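Structure, as structure tokens:
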Amino acid sequence: MFGIRIHRSLLLVLGLASLSTTVEANLIGGCVPDGEYDATVDYFPDKVEVRASKFWEIDYFNNYKKVKNEIDGEIFILYQCGTPMPSFSGVDLTHIISIPLQDGIAMDTTTHIPYMELLGLRTEIKAWMGSSNFISSPCLKQMIDDDEVVLIP
């Protein structure tokens with residue numbers, strides 16, 4: 001345990017020393033302000049590590065991350081809002097997305113509703129595509145009734 005603490009501390013010191021500017025946490029509430037983009041900064045210091053899944057992989061770069069669905073081969077480029085959009089050849093442009101999303105999301109499957117609610121992100125749902133007959137969330141149904149969520153049949 002003592003060796004692990006030293007190892008983590010050493011990595012932290014080396015990581016901080018190598019950056020001219022640091023971002024302490026992923027920017028989840030907004031964009032990099034105009035004129036403040038720095039190509040040497042890691043804008044995703046909080047990284048996900050794939051441990052028990054063979055169905056997806058993720059690679060991190062300073063201002064974007066590449067997520068690959070290993071089942072169908074789809075690749076999603078998620079770049080930090082307020083930074084330059086990376087350019088790639090052979091990547092469907094519909095899969096290059098600025099994050100965090102600024103205007104909310106549209107959903108079309110009930111499977112994801114409980115997860116959005118557990119994460120406290122229900123109010124980020126701005127549109128529902130399809131019939132609302134199978135929505136079991138009374139809160140989301142109320143949001144649709146109150147026109148807080150647009151229903152797209």
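For the structure tokens, the naming scheme is as follows: chains receive sequential letters (A, B, ...) according to their order of presentation, residues are indexed from 1 within each chain, and ligands are indexed from 1 in presentation order.
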List as a tab-separated table every residue of segment 37-119 of chain A that is in contact with segment 127-144 of chain A, defined as an atom at most 6 Å from one of its atoms (using only C-alpha atoms), together with the nearest atom pair and the distance in Å rounded to one decimal, sorted by chain and then rising number.
```
residue	atom	partner	partner_atom	distance
A:Ala106	CA	A:Ala127	CA	4.4
A:Met107	CA	A:Trp128	CA	5.1
A:Asp108	CA	A:Met129	CA	4.8
```
Residues within 12 Å of Lys54 of chain A, please, as a list in words. Count only C-alpha atoms; anything in the same chain fewer than 6 positions from it doesn't count. Lys68, Asn69, Glu70 and Ile71 of chain A
Top pick for closest residue to Tyr64 of chain A, considering A:Val149, A:Ile28, A:Pro86, A:Tyr115 and counting only C-alpha atoms: A:Pro86
May I ask for the distance between atom CA of Val50 of chain A and atom CA of Asp72 of chain A, given in Å to one decimal place? 17.6 Å
Rank nothing, just name the residue among A:Ile125, A:Met116, A:Ile105, A:Cys81 nearest to Leu27 of chain A, using only C-alpha atoms. A:Cys81
Looking only at the backbone, which of the residues in chain A does DSSP tag as strand (DSSP E or B), as a count of residues only? 32
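With distances restricted to only C-alpha atoms, A:Val23 is the closest residue to Asp42 of chain A from A:Glu57, A:Ile99, A:Gly30, A:Val23.
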Looking at A:Ser53, A:Lys47, A:Thr83, A:Tyr37, which one is nearest to Ala25 of chain A, with distances taken over only C-alpha atoms?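 Using only C-alpha atoms, Ala25 of chain A sits closest to A:Lys47.
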For Tyr43 of chain A, find every residue with an atom within 7 Å (counting only C-alpha atoms), except residues of its own chain fewer than 4 positions away, and show them as number ranges by chain. A: 23, 26, 62-63
Which residues are close to Ile75 of chain A, i.e. within 9 Å by only C-alpha atoms, leaving aside same-chain residues fewer than 2 positions away? Reply as an mmCIF file with C-alpha atoms, in the first residue's frame.
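What follows is the written file around.cif:
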```cif
data_model
loop_
_atom_site.group_PDB
_atom_site.id
_atom_site.type_symbol
_atom_site.label_atom_id
_atom_site.label_comp_id
_atom_site.auth_asym_id
_atom_site.auth_seq_id
_atom_site.Cartn_x
_atom_site.Cartn_y
_atom_site.Cartn_z
ATOM 1 C CA LYS A 66 -12.110 8.719 -29.155
ATOM 2 C CA VAL A 67 -14.718 6.146 -28.147
ATOM 3 C CA LYS A 68 -15.000 3.008 -30.266
ATOM 4 C CA ASN A 69 -17.904 0.578 -30.228
ATOM 5 C CA GLU A 70 -16.088 -2.738 -30.717
ATOM 6 C CA GLY A 73 -16.843 -0.494 -35.281
ATOM 7 C CA ILE A 77 -14.922 11.751 -31.407
ATOM 8 C CA VAL A 91 -14.666 9.347 -39.688
ATOM 9 C CA ASP A 92 -18.359 10.046 -40.198
ATOM 10 C CA HIS A 95 -19.935 11.174 -34.906
ATOM 11 C CA ILE A 96 -17.795 14.216 -34.042
#
```
I need the helix (DSSP H, G or I) residues of chain A per DSSP on the backbone, written as a PyMOL selection string. chain A and resi 2-17+93-95+110-118+122-124+138-145
N, CA and C atoms of the current selection, written as an mmCIF file, in the first residue's frame:
```
data_model
loop_
_atom_site.group_PDB
_atom_site.id
_atom_site.type_symbol
_atom_site.label_atom_id
_atom_site.label_comp_id
_atom_site.auth_asym_id
_atom_site.auth_seq_id
_atom_site.Cartn_x
_atom_site.Cartn_y
_atom_site.Cartn_z
ATOM 1 N N PHE A 2 1.970 1.226 0.785
ATOM 2 C CA PHE A 2 2.857 2.381 0.862
ATOM 3 C C PHE A 2 3.467 2.677 -0.502
ATOM 4 N N GLY A 3 3.864 1.614 -1.233
ATOM 5 C CA GLY A 3 4.441 1.790 -2.567
ATOM 6 C C GLY A 3 3.450 2.392 -3.548
ATOM 7 N N ILE A 4 2.184 2.015 -3.421
ATOM 8 C CA ILE A 4 1.154 2.553 -4.315
ATOM 9 C C ILE A 4 0.984 4.041 -4.076
ATOM 10 N N ARG A 5 0.994 4.473 -2.796
ATOM 11 C CA ARG A 5 0.849 5.894 -2.480
ATOM 12 C C ARG A 5 2.006 6.703 -3.061
ATOM 13 N N ILE A 6 3.224 6.196 -2.916
ATOM 14 C CA ILE A 6 4.389 6.893 -3.465
ATOM 15 C C ILE A 6 4.273 6.970 -4.978
ATOM 16 N N HIS A 7 3.888 5.861 -5.604
ATOM 17 C CA HIS A 7 3.758 5.813 -7.059
ATOM 18 C C HIS A 7 2.733 6.838 -7.541
ATOM 19 N N ARG A 8 1.557 6.888 -6.887
ATOM 20 C CA ARG A 8 0.521 7.844 -7.279
ATOM 21 C C ARG A 8 0.994 9.272 -7.061
ATOM 22 N N SER A 9 1.651 9.516 -5.947
ATOM 23 C CA SER A 9 2.143 10.869 -5.667
ATOM 24 C C SER A 9 3.180 11.292 -6.688
ATOM 25 N N LEU A 10 4.085 10.395 -7.041
ATOM 26 C CA LEU A 10 5.118 10.702 -8.022
ATOM 27 C C LEU A 10 4.489 11.000 -9.383
ATOM 28 N N LEU A 11 3.498 10.190 -9.780
ATOM 29 C CA LEU A 11 2.815 10.440 -11.052
ATOM 30 C C LEU A 11 2.116 11.791 -11.043
ATOM 31 N N LEU A 12 1.490 12.132 -9.933
ATOM 32 C CA LEU A 12 0.801 13.405 -9.836
ATOM 33 C C LEU A 12 1.791 14.559 -9.980
ATOM 34 N N VAL A 13 2.909 14.494 -9.272
ATOM 35 C CA VAL A 13 3.918 15.556 -9.342
ATOM 36 C C VAL A 13 4.486 15.662 -10.743
ATOM 37 N N LEU A 14 4.826 14.531 -11.354
ATOM 38 C CA LEU A 14 5.378 14.555 -12.713
ATOM 39 C C LEU A 14 4.359 15.070 -13.713
ATOM 40 N N GLY A 15 3.100 14.653 -13.547
ATOM 41 C CA GLY A 15 2.053 15.112 -14.456
ATOM 42 C C GLY A 15 1.830 16.604 -14.348
ATOM 43 N N LEU A 16 1.811 17.138 -13.150
ATOM 44 C CA LEU A 16 1.603 18.565 -12.974
ATOM 45 C C LEU A 16 2.803 19.368 -13.457
ATOM 46 N N ALA A 17 3.984 18.839 -13.255
ATOM 47 C CA ALA A 17 5.185 19.557 -13.667
ATOM 48 C C ALA A 17 5.312 19.626 -15.182
ATOM 49 N N LEU A 93 -18.734 12.448 -40.015
ATOM 50 C CA LEU A 93 -18.831 13.721 -39.299
ATOM 51 C C LEU A 93 -19.993 13.778 -38.333
ATOM 52 N N THR A 94 -20.982 12.900 -38.471
ATOM 53 C CA THR A 94 -22.074 12.888 -37.500
ATOM 54 C C THR A 94 -21.623 12.336 -36.161
ATOM 55 N N HIS A 95 -20.449 11.754 -36.131
ATOM 56 C CA HIS A 95 -19.935 11.174 -34.906
ATOM 57 C C HIS A 95 -18.851 12.043 -34.267
ATOM 58 N N THR A 110 -36.619 4.243 -24.016
ATOM 59 C CA THR A 110 -36.913 4.337 -22.583
ATOM 60 C C THR A 110 -35.809 3.717 -21.722
ATOM 61 N N THR A 111 -34.956 2.934 -22.317
ATOM 62 C CA THR A 111 -33.886 2.260 -21.577
ATOM 63 C C THR A 111 -33.001 3.238 -20.811
ATOM 64 N N HIS A 112 -32.751 4.397 -21.394
ATOM 65 C CA HIS A 112 -31.791 5.328 -20.808
ATOM 66 C C HIS A 112 -32.393 6.300 -19.790
ATOM 67 N N ILE A 113 -33.714 6.365 -19.713
ATOM 68 C CA ILE A 113 -34.356 7.327 -18.809
ATOM 69 C C ILE A 113 -33.922 7.136 -17.354
ATOM 70 N N PRO A 114 -33.961 5.915 -16.800
ATOM 71 C CA PRO A 114 -33.575 5.767 -15.387
ATOM 72 C C PRO A 114 -32.136 6.200 -15.117
ATOM 73 N N TYR A 115 -31.245 5.961 -16.073
ATOM 74 C CA TYR A 115 -29.851 6.346 -15.882
ATOM 75 C C TYR A 115 -29.696 7.867 -15.871
ATOM 76 N N MET A 116 -30.425 8.525 -16.763
ATOM 77 C CA MET A 116 -30.401 9.995 -16.777
ATOM 78 C C MET A 116 -30.922 10.540 -15.451
ATOM 79 N N GLU A 117 -31.972 9.924 -14.940
ATOM 80 C CA GLU A 117 -32.546 10.375 -13.673
ATOM 81 C C GLU A 117 -31.604 10.102 -12.506
ATOM 82 N N LEU A 118 -30.985 8.925 -12.486
ATOM 83 C CA LEU A 118 -30.032 8.598 -11.414
ATOM 84 C C LEU A 118 -28.832 9.541 -11.411
ATOM 85 N N ARG A 122 -32.117 14.531 -15.669
ATOM 86 C CA ARG A 122 -33.433 14.498 -16.309
ATOM 87 C C ARG A 122 -33.738 15.809 -17.026
ATOM 88 N N THR A 123 -33.378 16.944 -16.430
ATOM 89 C CA THR A 123 -33.699 18.241 -17.041
ATOM 90 C C THR A 123 -32.878 18.512 -18.296
ATOM 91 N N GLU A 124 -31.886 17.690 -18.571
ATOM 92 C CA GLU A 124 -31.111 17.828 -19.808
ATOM 93 C C GLU A 124 -31.843 17.226 -20.999
ATOM 94 N N PRO A 138 -42.886 9.190 -14.249
ATOM 95 C CA PRO A 138 -43.920 10.217 -14.118
ATOM 96 C C PRO A 138 -43.347 11.631 -14.242
ATOM 97 N N CYS A 139 -42.109 11.828 -13.813
ATOM 98 C CA CYS A 139 -41.495 13.159 -13.906
ATOM 99 C C CYS A 139 -41.269 13.558 -15.366
ATOM 100 N N LEU A 140 -40.774 12.630 -16.173
ATOM 101 C CA LEU A 140 -40.543 12.934 -17.583
ATOM 102 C C LEU A 140 -41.875 13.140 -18.308
ATOM 103 N N LYS A 141 -42.889 12.343 -17.962
ATOM 104 C CA LYS A 141 -44.209 12.534 -18.563
ATOM 105 C C LYS A 141 -44.747 13.924 -18.232
ATOM 106 N N GLN A 142 -44.524 14.369 -16.996
ATOM 107 C CA GLN A 142 -44.981 15.696 -16.596
ATOM 108 C C GLN A 142 -44.234 16.779 -17.369
ATOM 109 N N MET A 143 -42.930 16.564 -17.591
ATOM 110 C CA MET A 143 -42.143 17.524 -18.364
ATOM 111 C C MET A 143 -42.681 17.630 -19.788
ATOM 112 N N ILE A 144 -43.110 16.509 -20.360
ATOM 113 C CA ILE A 144 -43.696 16.520 -21.706
ATOM 114 C C ILE A 144 -45.029 17.270 -21.671
ATOM 115 N N ASP A 145 -45.859 16.981 -20.659
ATOM 116 C CA ASP A 145 -47.161 17.661 -20.531
ATOM 117 C C ASP A 145 -46.999 19.166 -20.340
#
```
Grab the atom CA of Asp59 of chain A to atom CA of Asp103 of chain A distance for me, in Å with one decimal place.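 We find that atom CA of Asp59 of chain A and atom CA of Asp103 of chain A lie 25.6 Å from each other.
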State, in Å with one decimal place, the distance from atom CA of Gln102 of chain A to atom CA of Val150 of chain A.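 Distance reported for this atom pair: 16.5 Å.
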